[in-house]
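Here the structure is laid out as structure tokens; the discussion comes afterwards.
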Amino acid sequence: MQIKLNINGSDKTLDVKPHEFLVEVLRENGYLGVKKGCETGNCGLCTILIDDKPVLSCSYLAVRAEGKKITTIEGVQAEAAEVGSFLVEEGVDQCGYCSPGLVMTIIGMKKEIENPTEDDIRNYLTNNLCRCTGYVGQLRAIKKLMGVE
Ligand code: FES
Ligand code: FES
């Protein structure tokens, strides 16, 4: 079957199978910035934005993306570089496994919440597993990025 959607500002028509998850379809179509990790909805590595909200693409059936606005890291390179620089400054880039998904989640948070509280930030990070840090560096980096005291 075919679905029509918008990916990173371009209208696309993609062939999908009923059982395929969006992470696979995006990667098959060249969006290799979307990473695969656990593929069970637990690590956050596959995070993309759907209609500007962070979504785990390994748990989202591709057919549901009909008519949606999809953003992958390829479509937000300047913002991703900015977010990444704040994370690096706070020493958050240890093994780097969590970084692609974390960056997309932070970009989604910036779009949705102007002045997040620490609780908002913590809630936003619940889908992004980082096995190397205790999230303290991420919290510092996000607060600095968003000008939160
Ligand atoms: S690959 Fe999607 S949550 Fe881990
Ligand atoms: S830096 Fe290693 S999992 Fe986050």
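Note on naming: chains are A, B, ... as they come in the structure tokens, residues start from 1 per chain, ligands start from 1 in the order shown.
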Self-check item: Protein and nucleic acid residues within 8 Å of ligand 1 (only C-alpha atoms and all ligand atoms) as a list of chain:residue names
Solution: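 The residues near ligand 1 are A:Val23, A:Lys35, A:Lys36, A:Gly37, A:Cys38, A:Glu39, A:Thr40, A:Gly41, A:Asn42, A:Cys43, A:Gly44, A:Leu45, A:Cys46, A:Thr47, A:Leu56, A:Ser57, A:Cys58, A:Ser59, A:Asn127, A:Asn128.
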Restrict the selected residues to all heavy atoms and save them as a short mmCIF file (atom, residue, chain, number, x, y, z; two decimals), in the first residue's frame.
data_model
loop_
_atom_site.label_atom_id
_atom_site.label_comp_id
_atom_site.auth_asym_id
_atom_site.auth_seq_id
_atom_site.Cartn_x
_atom_site.Cartn_y
_atom_site.Cartn_z
N VAL A 23 10.45 3.32 11.52
CA VAL A 23 11.91 3.36 11.53
C VAL A 23 12.47 2.63 10.31
O VAL A 23 13.40 3.11 9.64
CB VAL A 23 12.50 2.77 12.84
CG1 VAL A 23 12.18 1.32 13.03
CG2 VAL A 23 13.99 2.99 12.92
N LYS A 35 18.08 6.15 13.86
CA LYS A 35 18.85 4.98 14.30
C LYS A 35 17.96 3.91 14.92
O LYS A 35 16.90 4.23 15.49
CB LYS A 35 19.91 5.40 15.34
CG LYS A 35 20.88 6.46 14.82
CD LYS A 35 21.68 5.94 13.65
CE LYS A 35 22.70 6.97 13.18
NZ LYS A 35 23.24 6.65 11.86
N LYS A 36 18.44 2.67 14.80
CA LYS A 36 17.72 1.55 15.43
C LYS A 36 18.50 1.07 16.64
O LYS A 36 19.71 0.87 16.56
CB LYS A 36 17.62 0.38 14.45
CG LYS A 36 16.59 0.57 13.39
CD LYS A 36 16.15 -0.75 12.79
CE LYS A 36 17.26 -1.47 12.08
NZ LYS A 36 16.79 -2.67 11.36
N GLY A 37 17.83 0.89 17.75
CA GLY A 37 18.47 0.36 18.94
C GLY A 37 17.74 -0.89 19.37
O GLY A 37 17.80 -1.94 18.73
N CYS A 38 16.97 -0.77 20.45
CA CYS A 38 16.29 -1.93 21.03
C CYS A 38 15.16 -2.45 20.14
O CYS A 38 14.82 -3.63 20.18
CB CYS A 38 15.73 -1.55 22.39
SG CYS A 38 14.43 -0.30 22.29
N GLU A 39 14.54 -1.56 19.38
CA GLU A 39 13.36 -1.88 18.56
C GLU A 39 12.20 -2.42 19.38
O GLU A 39 11.35 -3.14 18.87
CB GLU A 39 13.72 -2.85 17.43
CG GLU A 39 14.71 -2.25 16.44
CD GLU A 39 15.01 -3.16 15.28
OE1 GLU A 39 14.11 -3.36 14.46
OE2 GLU A 39 16.15 -3.68 15.24
N THR A 40 12.19 -2.09 20.66
CA THR A 40 11.07 -2.51 21.52
C THR A 40 10.49 -1.32 22.30
O THR A 40 9.79 -1.51 23.29
CB THR A 40 11.54 -3.58 22.54
OG1 THR A 40 12.65 -3.04 23.28
CG2 THR A 40 11.95 -4.86 21.86
N GLY A 41 10.80 -0.11 21.88
CA GLY A 41 10.22 1.05 22.55
C GLY A 41 10.84 1.38 23.90
O GLY A 41 10.20 2.04 24.72
N ASN A 42 12.07 0.94 24.10
CA ASN A 42 12.67 1.16 25.43
C ASN A 42 13.86 2.11 25.47
O ASN A 42 14.18 2.62 26.54
CB ASN A 42 13.11 -0.19 26.01
CG ASN A 42 11.93 -0.99 26.50
OD1 ASN A 42 11.25 -0.59 27.43
ND2 ASN A 42 11.66 -2.09 25.84
N CYS A 43 14.57 2.30 24.34
CA CYS A 43 15.82 3.06 24.44
C CYS A 43 15.73 4.51 23.96
O CYS A 43 16.51 5.36 24.37
CB CYS A 43 16.95 2.34 23.70
SG CYS A 43 16.82 2.43 21.89
N GLY A 44 14.82 4.79 23.04
CA GLY A 44 14.67 6.17 22.55
C GLY A 44 15.56 6.53 21.38
O GLY A 44 15.48 7.64 20.85
N LEU A 45 16.40 5.59 20.95
CA LEU A 45 17.36 5.90 19.89
C LEU A 45 16.67 6.27 18.57
O LEU A 45 17.20 7.05 17.79
CB LEU A 45 18.25 4.67 19.69
CG LEU A 45 19.51 4.85 18.85
CD1 LEU A 45 20.38 5.96 19.41
CD2 LEU A 45 20.30 3.55 18.81
N CYS A 46 15.50 5.72 18.33
CA CYS A 46 14.80 5.89 17.05
C CYS A 46 13.87 7.11 17.03
O CYS A 46 13.03 7.22 16.14
CB CYS A 46 13.96 4.65 16.79
SG CYS A 46 12.71 4.43 18.09
N THR A 47 14.03 8.01 18.01
CA THR A 47 13.10 9.14 18.13
C THR A 47 13.12 10.04 16.89
O THR A 47 14.18 10.44 16.41
CB THR A 47 13.45 10.00 19.37
OG1 THR A 47 13.45 9.16 20.52
CG2 THR A 47 12.45 11.13 19.57
N LEU A 56 8.60 7.45 19.17
CA LEU A 56 9.52 6.33 18.97
C LEU A 56 9.13 5.63 17.67
O LEU A 56 8.09 4.95 17.60
CB LEU A 56 9.44 5.35 20.15
CG LEU A 56 9.77 5.96 21.52
CD1 LEU A 56 9.57 4.93 22.63
CD2 LEU A 56 11.19 6.50 21.54
N SER A 57 9.94 5.80 16.64
CA SER A 57 9.54 5.31 15.31
C SER A 57 9.60 3.80 15.20
O SER A 57 9.03 3.22 14.27
CB SER A 57 10.40 5.96 14.22
OG SER A 57 11.77 5.66 14.40
N CYS A 58 10.25 3.11 16.16
CA CYS A 58 10.26 1.64 16.12
C CYS A 58 8.95 1.06 16.63
O CYS A 58 8.72 -0.14 16.51
CB CYS A 58 11.42 1.08 16.96
SG CYS A 58 11.15 1.18 18.75
N SER A 59 8.11 1.90 17.21
CA SER A 59 6.84 1.42 17.76
C SER A 59 5.66 2.08 17.08
O SER A 59 4.55 2.06 17.61
CB SER A 59 6.78 1.70 19.27
OG SER A 59 7.91 1.18 19.90
N ASN A 127 11.57 8.84 27.71
CA ASN A 127 11.69 7.82 26.64
C ASN A 127 13.12 7.67 26.13
O ASN A 127 13.35 6.92 25.18
CB ASN A 127 10.78 8.17 25.46
CG ASN A 127 9.34 7.77 25.73
OD1 ASN A 127 9.09 6.82 26.46
ND2 ASN A 127 8.41 8.51 25.17
N ASN A 128 14.06 8.41 26.70
CA ASN A 128 15.43 8.38 26.19
C ASN A 128 16.37 7.82 27.25
O ASN A 128 16.71 8.49 28.21
CB ASN A 128 15.88 9.78 25.76
CG ASN A 128 15.09 10.27 24.56
OD1 ASN A 128 14.02 10.83 24.72
ND2 ASN A 128 15.58 9.99 23.38
#
For chain A against ligand 2, with a cut-off of 7 Å and counting only C-alpha atoms and all ligand atoms, what is the closest atom pair and its distance in Å to one decimal for every residue that makes the cut, ordered by chain and number, as CSV?
residue,atom,partner,partner_atom_place_in_ligand_line,distance
A:Val92,CA,ligand 2,1 (S),6.1
A:Asp93,CA,ligand 2,1 (S),5.1
A:Gln94,CA,ligand 2,1 (S),4.1
A:Cys95,CA,ligand 2,2 (Fe),3.9
A:Gly96,CA,ligand 2,1 (S),4.4
A:Tyr97,CA,ligand 2,3 (S),4.7
A:Cys98,CA,ligand 2,4 (Fe),4.4
A:Ser99,CA,ligand 2,4 (Fe),6.4
A:Leu129,CA,ligand 2,3 (S),6.6
A:Cys130,CA,ligand 2,4 (Fe),3.7
A:Arg131,CA,ligand 2,3 (S),4.2
A:Cys132,CA,ligand 2,2 (Fe),4.3
A:Thr133,CA,ligand 2,4 (Fe),6.1
Could you turn the residues from that selection into a file that holds all heavy atoms, as a compact mmCIF listing (two decimals), in the first residue's frame?
# COMPACT_ATOMS: atom_id res chain seq x y z
N VAL A 92 28.20 15.37 28.24
CA VAL A 92 27.17 14.34 28.17
C VAL A 92 27.49 13.29 27.10
O VAL A 92 26.93 12.20 27.09
CB VAL A 92 25.80 15.01 27.88
CG1 VAL A 92 24.70 13.99 27.69
CG2 VAL A 92 25.44 15.96 29.01
N ASP A 93 28.41 13.63 26.19
CA ASP A 93 28.72 12.72 25.07
C ASP A 93 29.73 11.68 25.51
O ASP A 93 30.91 11.80 25.24
CB ASP A 93 29.26 13.52 23.88
CG ASP A 93 30.52 14.28 24.23
OD1 ASP A 93 30.62 14.74 25.38
OD2 ASP A 93 31.42 14.40 23.38
N GLN A 94 29.25 10.65 26.16
CA GLN A 94 30.19 9.61 26.61
C GLN A 94 30.28 8.54 25.51
O GLN A 94 31.06 8.68 24.59
CB GLN A 94 29.79 9.12 27.98
CG GLN A 94 30.00 10.27 28.99
CD GLN A 94 29.84 9.85 30.42
OE1 GLN A 94 30.00 8.70 30.77
NE2 GLN A 94 29.53 10.82 31.27
N CYS A 95 29.46 7.49 25.54
CA CYS A 95 29.53 6.54 24.41
C CYS A 95 28.81 7.08 23.18
O CYS A 95 29.06 6.65 22.07
CB CYS A 95 28.98 5.18 24.80
SG CYS A 95 27.18 5.09 24.78
N GLY A 96 27.86 8.00 23.39
CA GLY A 96 27.16 8.61 22.26
C GLY A 96 25.97 7.82 21.75
O GLY A 96 25.27 8.27 20.84
N TYR A 97 25.72 6.65 22.34
CA TYR A 97 24.62 5.79 21.87
C TYR A 97 23.27 6.51 21.91
O TYR A 97 22.48 6.43 20.97
CB TYR A 97 24.57 4.54 22.76
CG TYR A 97 23.47 3.57 22.45
CD1 TYR A 97 23.66 2.56 21.50
CD2 TYR A 97 22.26 3.64 23.10
CE1 TYR A 97 22.65 1.66 21.21
CE2 TYR A 97 21.24 2.75 22.82
CZ TYR A 97 21.44 1.76 21.89
OH TYR A 97 20.44 0.87 21.60
N CYS A 98 23.04 7.24 22.98
CA CYS A 98 21.73 7.86 23.17
C CYS A 98 21.57 9.17 22.40
O CYS A 98 20.47 9.71 22.30
CB CYS A 98 21.49 8.12 24.65
SG CYS A 98 22.70 9.28 25.37
N SER A 99 22.66 9.70 21.86
CA SER A 99 22.65 11.07 21.37
C SER A 99 21.65 11.36 20.25
O SER A 99 20.92 12.36 20.33
CB SER A 99 24.05 11.49 20.91
OG SER A 99 24.94 11.40 21.99
N LEU A 129 16.76 6.58 27.02
CA LEU A 129 17.62 5.89 27.98
C LEU A 129 19.08 6.27 27.75
O LEU A 129 19.58 6.17 26.64
CB LEU A 129 17.44 4.39 27.81
CG LEU A 129 18.28 3.49 28.71
CD1 LEU A 129 17.83 3.62 30.16
CD2 LEU A 129 18.16 2.04 28.24
N CYS A 130 19.75 6.71 28.82
CA CYS A 130 21.20 6.93 28.75
C CYS A 130 21.84 6.05 29.82
O CYS A 130 21.58 6.21 31.00
CB CYS A 130 21.56 8.39 28.99
SG CYS A 130 23.35 8.65 28.96
N ARG A 131 22.66 5.11 29.35
CA ARG A 131 23.25 4.14 30.28
C ARG A 131 24.56 4.64 30.88
O ARG A 131 25.11 4.02 31.77
CB ARG A 131 23.48 2.81 29.57
CG ARG A 131 22.17 2.07 29.37
CD ARG A 131 22.34 0.92 28.44
NE ARG A 131 22.38 1.39 27.07
CZ ARG A 131 22.07 0.65 26.01
NH1 ARG A 131 21.73 -0.59 26.17
NH2 ARG A 131 22.11 1.14 24.80
N CYS A 132 25.09 5.74 30.34
CA CYS A 132 26.41 6.20 30.79
C CYS A 132 26.34 7.30 31.84
O CYS A 132 27.27 7.45 32.63
CB CYS A 132 27.22 6.72 29.62
SG CYS A 132 27.46 5.53 28.32
N THR A 133 25.31 8.10 31.79
CA THR A 133 25.27 9.28 32.67
C THR A 133 24.10 9.15 33.63
O THR A 133 23.27 8.26 33.50
CB THR A 133 25.08 10.57 31.84
OG1 THR A 133 23.72 10.58 31.37
CG2 THR A 133 26.02 10.63 30.66
Quiz item: Excluding same-chain residues fewer than 2 positions from Thr71 (chain A), what lies within 7 Å of it counting only C-alpha atoms, as a VMD selection string?
Solution: chain A and resid 7 to 8 48 to 50 69 73 75
Quiz item: From the set A:Met1, A:Leu32, A:Ile70, A:Leu145, which residue has the shortest atom-to-atom contact distance to Pro116 (chain A), counting only C-alpha atoms?
Solution: A:Leu145
Quiz item: Suppose you want the space between CA of Ala81 (chain A) and CA of Ala65 (chain A); what is it in Å?
Solution: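 Taking CA of Ala81 (chain A) and CA of Ala65 (chain A), their separation equals 26.5 Å.
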Exercise. Point out the residue among A:Ala141, A:Leu26, A:Met109, A:Val83 with the least atom-to-atom distance to Asn6 (chain A), counting only C-alpha atoms.
Key: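 Distance minimum relative to Asn6 (chain A) lands on A:Leu26.
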Quiz item: So which residues touch Lys111 (chain A) within 12 Å, counting only C-alpha atoms, skipping near sequence neighbours fewer than 6 positions away, as an MDAnalysis selection string?
Solution: chainID A and resid 49:54 79 104:105 146
Exercise. With a distance cut-off of 10 Å and only C-alpha atoms, select the neighbouring residues of Leu14 (chain A), excluding the residue or stretch itself and same-chain residues fewer than 5 positions from it, and output the selection as a list in words.
Key: Met1, Gln2, Ile3, Lys4, Leu5, Val25, Leu26, Asn29, Ala62, Val63 and Glu66 of chain A
Quiz item: Hey, what does DSSP flag as helix (DSSP H, G or I) within region 3-147 of chain A? Can you give it to me as a ChimeraX atom specification?
Solution: /A:22-28,57-59,62-65,73-89,99-112,118-127,136-146
Quiz item: Neighbours of Leu61 (chain A) within 7 Å (only C-alpha atoms; same-chain residues fewer than 2 positions away dropped), as a PyMOL selection string?
Solution: chain A and resi 19-22+59+63-64
Quiz item: Of the candidates A:Ile113, A:Val34, A:Leu87, A:Ile106, which one gets nearest to Thr72 (chain A) if we count only C-alpha atoms?
Solution: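 When distances to Thr72 (chain A) are compared using only C-alpha atoms, the smallest one comes from A:Val34.
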